Amino acid sequence: MKFSTAKYFLVTSLILLFVSNMQAQTFGFGCLGLSGFYAGYSRQNFVTPAINDYVNKQIDLIDPFRKTIQDNIQFQQGTGYRIGANIFRAKWDRFFFTAKGYYQFLREQYEVSTLNQTGLIREKYKLTMNHWGIGLDLGIPLFWILDWKIVEGNVTFFNSEFDQENFLNNIVQKEIKFNPDKNKVGYFIGSGLILHLVPDYLSIEGTAGYNFILIEKMESDTGLAIPLPPSQNKAIEKGSFSATIQLNVGFPL
């Protein structure tokens with residue numbers, strides 16, 4: 001599914017669900033709705049063929065016969081923390097609607113080491129996929145204690161970086177940072193459940209879905225590029241499954 005398809009699906013779903021439930025509803029919370037903040041933990045999958053190719057070719061340089069480092073490294077899942085705000089949540093008898101924003105810290109890292117004639121060589125590799133997100137969700141109450149987020153859609157703004165560090169006998173020899181030429185826009189679409197611990201004030205929210213992101217190329221300040229020529233692979237070819245669990249603290253407006 002391409003970015004544009006996901007975007008049109010998200011917009012259409014929100015409009016249809018909103019319109020179909022607008023009739024004969026009673027507004028909830030305070031006179032203006034509910035606001036609040038949240039913090040949680042996320043994991044997000046990616047497909048990163050060019051980054052994986054680059055890393056494993058670097059390993060071949062320090063351990064050509066793979067005597068010590070036998071397994072290939074595969075970057076595929078970032079984990080980290082999310083902080084954000086439910087800017088506005090309006091609740092009626094049969095559905096609720098939320099506007100939200102957040103900042104997500106995501107990273108995945110590996111370290112390998114081997115011995116050669118000069119001493120102990122270590123390589124560290126770290127992929128950072130931090131990003132801002134803004135979005136909407138639409139859901140319905142199932143029970144007094146449990147809500148179902150039928151659909152959540154976010155637009156995400158990634159500030160990505162790939163970092164390589166080389167050590168000889170625990171002394172840094174070089175550090176290379178790779179970045180896209182500009183921040184990349186992605187999308188997320190998913191669904192989830194909200195468990196109310198203290199209705200309107202404290203809840204646990206779980207969300208799962210699919211994220212869309214494409215980064216064709218990343219470059220260092222010295223002009224070194226991922227993918228390495230003549231490869232046609234993408235640095236980050238696409239996103240994949242994503243899951244977040246968070247604690248919400250709210251207050252009526």
# chains A, B, ... in the order shown; residues from 1 in each chain; ligands from 1
$ residues_around --residues "Asn183 (chain A)" --least-positions-apart "5" --cutoff "12 Å" --atoms "only C-alpha atoms" --output "PDB file with N, CA and C atoms, in the first residue's frame"
ATOM      1  N   MET A 129      15.215   6.583  14.886  1.00  0.00           N
ATOM      2  CA  MET A 129      14.039   6.927  14.077  1.00  0.00           C
ATOM      3  C   MET A 129      13.078   7.796  14.889  1.00  0.00           C
ATOM      4  N   ASN A 130      13.627   8.808  15.568  1.00  0.00           N
ATOM      5  CA  ASN A 130      12.785   9.720  16.337  1.00  0.00           C
ATOM      6  C   ASN A 130      11.867  10.504  15.396  1.00  0.00           C
ATOM      7  N   HIS A 131      10.667  10.822  15.891  1.00  0.00           N
ATOM      8  CA  HIS A 131       9.746  11.569  15.037  1.00  0.00           C
ATOM      9  C   HIS A 131       8.647  12.233  15.847  1.00  0.00           C
ATOM     10  N   TRP A 132       8.084  13.285  15.242  1.00  0.00           N
ATOM     11  CA  TRP A 132       6.867  13.923  15.722  1.00  0.00           C
ATOM     12  C   TRP A 132       5.678  13.260  15.046  1.00  0.00           C
ATOM     13  N   THR A 156       3.395  11.531  10.435  1.00  0.00           N
ATOM     14  CA  THR A 156       4.632  11.507  11.212  1.00  0.00           C
ATOM     15  C   THR A 156       5.747  12.221  10.462  1.00  0.00           C
ATOM     16  N   PHE A 157       6.615  12.904  11.232  1.00  0.00           N
ATOM     17  CA  PHE A 157       7.721  13.672  10.657  1.00  0.00           C
ATOM     18  C   PHE A 157       9.020  13.148  11.265  1.00  0.00           C
ATOM     19  N   PHE A 158       9.746  12.340  10.502  1.00  0.00           N
ATOM     20  CA  PHE A 158      10.914  11.627  11.011  1.00  0.00           C
ATOM     21  C   PHE A 158      12.174  12.472  10.929  1.00  0.00           C
ATOM     22  N   ASN A 159      12.959  12.410  12.007  1.00  0.00           N
ATOM     23  CA  ASN A 159      14.298  12.981  12.055  1.00  0.00           C
ATOM     24  C   ASN A 159      15.258  11.810  12.263  1.00  0.00           C
ATOM     25  N   SER A 160      15.629  11.156  11.162  1.00  0.00           N
ATOM     26  CA  SER A 160      16.338   9.875  11.237  1.00  0.00           C
ATOM     27  C   SER A 160      17.846  10.057  11.173  1.00  0.00           C
ATOM     28  N   GLU A 161      18.561   9.097  11.769  1.00  0.00           N
ATOM     29  CA  GLU A 161      20.028   9.129  11.743  1.00  0.00           C
ATOM     30  C   GLU A 161      20.573   7.719  11.907  1.00  0.00           C
ATOM     31  N   ILE A 213       6.791   4.495   5.803  1.00  0.00           N
ATOM     32  CA  ILE A 213       7.922   5.419   5.722  1.00  0.00           C
ATOM     33  C   ILE A 213       8.877   4.918   4.644  1.00  0.00           C
ATOM     34  N   LEU A 214       9.431   5.834   3.875  1.00  0.00           N
ATOM     35  CA  LEU A 214      10.399   5.493   2.830  1.00  0.00           C
ATOM     36  C   LEU A 214      11.547   6.491   2.884  1.00  0.00           C
ATOM     37  N   ILE A 215      12.776   5.970   3.036  1.00  0.00           N
ATOM     38  CA  ILE A 215      13.985   6.792   2.948  1.00  0.00           C
ATOM     39  C   ILE A 215      14.895   6.140   1.908  1.00  0.00           C
ATOM     40  N   LYS A 217      17.775   7.258   0.534  1.00  0.00           N
ATOM     41  CA  LYS A 217      19.222   7.441   0.634  1.00  0.00           C
ATOM     42  C   LYS A 217      19.572   8.207   1.899  1.00  0.00           C
ATOM     43  N   MET A 218      20.713   7.854   2.494  1.00  0.00           N
ATOM     44  CA  MET A 218      21.266   8.594   3.622  1.00  0.00           C
ATOM     45  C   MET A 218      22.732   8.888   3.313  1.00  0.00           C
TER      46      MET A 218
END
$ closest_residue --among "A:Pro141, A:Leu146, A:Ile134, A:Lys67" --to "Phe96 (chain A)" --atoms "only C-alpha atoms"
A:Pro141
$ closest_residue --among "A:His196, A:Lys177, A:Lys234, A:Arg43" --to "Trp148 (chain A)" --atoms "only C-alpha atoms"
A:His196
$ atom_distance --atom1 "CA of Tyr210 (chain A)" --atom2 "CA of Lys184 (chain A)"
16.6 Å
$ closest_residue --among "A:Tyr110, A:Phe167, A:Phe75, A:Tyr187" --to "Leu136 (chain A)" --atoms "only C-alpha atoms"
A:Tyr187
$ select_by_dssp --residues "region 30-153 of chain A" --states "strand (DSSP E or B)" --output "JSON, numbers by chain"
{"A": [34, 35, 36, 37, 38, 39, 40, 41, 42, 43, 44, 45, 46, 47, 77, 78, 79, 80, 81, 82, 83, 84, 85, 86, 87, 88, 89, 90, 91, 96, 97, 98, 99, 100, 101, 102, 103, 104, 107, 108, 109, 110, 111, 112, 113, 114, 115, 116, 119, 120, 121, 122, 123, 124, 125, 126, 127, 128, 129, 130, 131, 132, 133, 134, 135, 136, 137, 138, 139, 140, 141, 146, 147, 148, 149, 150, 151, 152, 153]}
$ residues_around --residues "Arg122 (chain A)" --least-positions-apart "6" --cutoff "7 Å" --atoms "only C-alpha atoms" --output "ChimeraX atom specification"
/A:112-114,166-168
$ atom_distance --atom1 "CA of Asn45 (chain A)" --atom2 "CA of Gln74 (chain A)"
11.5 Å
$ closest_residue --among "A:Asp147, A:Glu175, A:Glu123, A:Glu111" --to "Ser220 (chain A)" --atoms "only C-alpha atoms"
A:Glu175
$ closest_residue --among "A:Leu106, A:Val55, A:Leu193, A:Val47" --to "Gly80 (chain A)" --atoms "only C-alpha atoms"
A:Leu106
$ atom_distance --atom1 "CA of Trp92 (chain A)" --atom2 "CA of Trp144 (chain A)"
13.0 Å
$ residues_around --residues "Glu108 (chain A)" --least-positions-apart "3" --cutoff "8 Å" --atoms "only C-alpha atoms" --output "number ranges by chain"
A: 75, 77-79, 126-128
$ write_last_selection --atoms "N, CA, C and O atoms" --output "PDB file, in the first residue's frame"
ATOM      1  N   PHE A  75      18.918  -4.762  10.997  1.00  0.00           N
ATOM      2  CA  PHE A  75      18.103  -3.720  11.615  1.00  0.00           C
ATOM      3  C   PHE A  75      16.662  -3.903  11.157  1.00  0.00           C
ATOM      4  O   PHE A  75      16.376  -3.912   9.952  1.00  0.00           O
ATOM      5  N   GLN A  77      13.761  -3.460  13.981  1.00  0.00           N
ATOM      6  CA  GLN A  77      12.769  -3.062  14.972  1.00  0.00           C
ATOM      7  C   GLN A  77      13.338  -2.035  15.947  1.00  0.00           C
ATOM      8  O   GLN A  77      14.275  -2.321  16.686  1.00  0.00           O
ATOM      9  N   GLY A  78      12.764  -0.845  15.954  1.00  0.00           N
ATOM     10  CA  GLY A  78      13.143   0.173  16.919  1.00  0.00           C
ATOM     11  C   GLY A  78      12.217   0.141  18.119  1.00  0.00           C
ATOM     12  O   GLY A  78      11.028  -0.157  18.001  1.00  0.00           O
ATOM     13  N   THR A  79      12.762   0.446  19.288  1.00  0.00           N
ATOM     14  CA  THR A  79      11.964   0.517  20.507  1.00  0.00           C
ATOM     15  C   THR A  79      12.287   1.827  21.220  1.00  0.00           C
ATOM     16  O   THR A  79      13.373   2.399  21.050  1.00  0.00           O
ATOM     17  N   LYS A 126      24.060   2.277  15.238  1.00  0.00           N
ATOM     18  CA  LYS A 126      22.809   2.709  15.865  1.00  0.00           C
ATOM     19  C   LYS A 126      21.921   3.408  14.841  1.00  0.00           C
ATOM     20  O   LYS A 126      22.355   4.338  14.165  1.00  0.00           O
ATOM     21  N   LEU A 127      20.683   2.942  14.750  1.00  0.00           N
ATOM     22  CA  LEU A 127      19.673   3.574  13.894  1.00  0.00           C
ATOM     23  C   LEU A 127      18.664   4.279  14.796  1.00  0.00           C
ATOM     24  O   LEU A 127      18.032   3.651  15.653  1.00  0.00           O
ATOM     25  N   THR A 128      18.533   5.582  14.602  1.00  0.00           N
ATOM     26  CA  THR A 128      17.584   6.387  15.372  1.00  0.00           C
ATOM     27  C   THR A 128      16.457   6.830  14.454  1.00  0.00           C
ATOM     28  O   THR A 128      16.710   7.396  13.386  1.00  0.00           O
TER      29      THR A 128
END
$ closest_residue --among "A:Gln58, A:Ser231, A:Gln164, A:Thr207" --to "Tyr41 (chain A)" --atoms "only C-alpha atoms"
A:Thr207
$ select_by_dssp --residues "region 58-209 of chain A" --states "alpha helix (DSSP H)" --output "short mmCIF file (atom, residue, chain, number, x, y, z; two decimals) with N, CA, C and O atoms, in the first residue's frame"
data_model
loop_
_atom_site.label_atom_id
_atom_site.label_comp_id
_atom_site.auth_asym_id
_atom_site.auth_seq_id
_atom_site.Cartn_x
_atom_site.Cartn_y
_atom_site.Cartn_z
N GLN A 58 30.74 -3.70 6.29
CA GLN A 58 31.71 -3.17 7.24
C GLN A 58 32.25 -4.26 8.14
O GLN A 58 33.44 -4.29 8.48
N ILE A 59 31.39 -5.19 8.52
CA ILE A 59 31.84 -6.33 9.34
C ILE A 59 32.82 -7.19 8.56
O ILE A 59 33.82 -7.68 9.11
N ASP A 60 32.57 -7.37 7.25
CA ASP A 60 33.49 -8.15 6.43
C ASP A 60 34.88 -7.51 6.38
O ASP A 60 35.89 -8.22 6.21
N LEU A 61 34.95 -6.19 6.53
CA LEU A 61 36.25 -5.52 6.51
C LEU A 61 37.07 -5.80 7.76
O LEU A 61 38.30 -5.90 7.70
N ILE A 62 36.40 -5.90 8.91
CA ILE A 62 37.15 -6.12 10.17
C ILE A 62 37.29 -7.60 10.51
O ILE A 62 38.16 -7.98 11.30
#
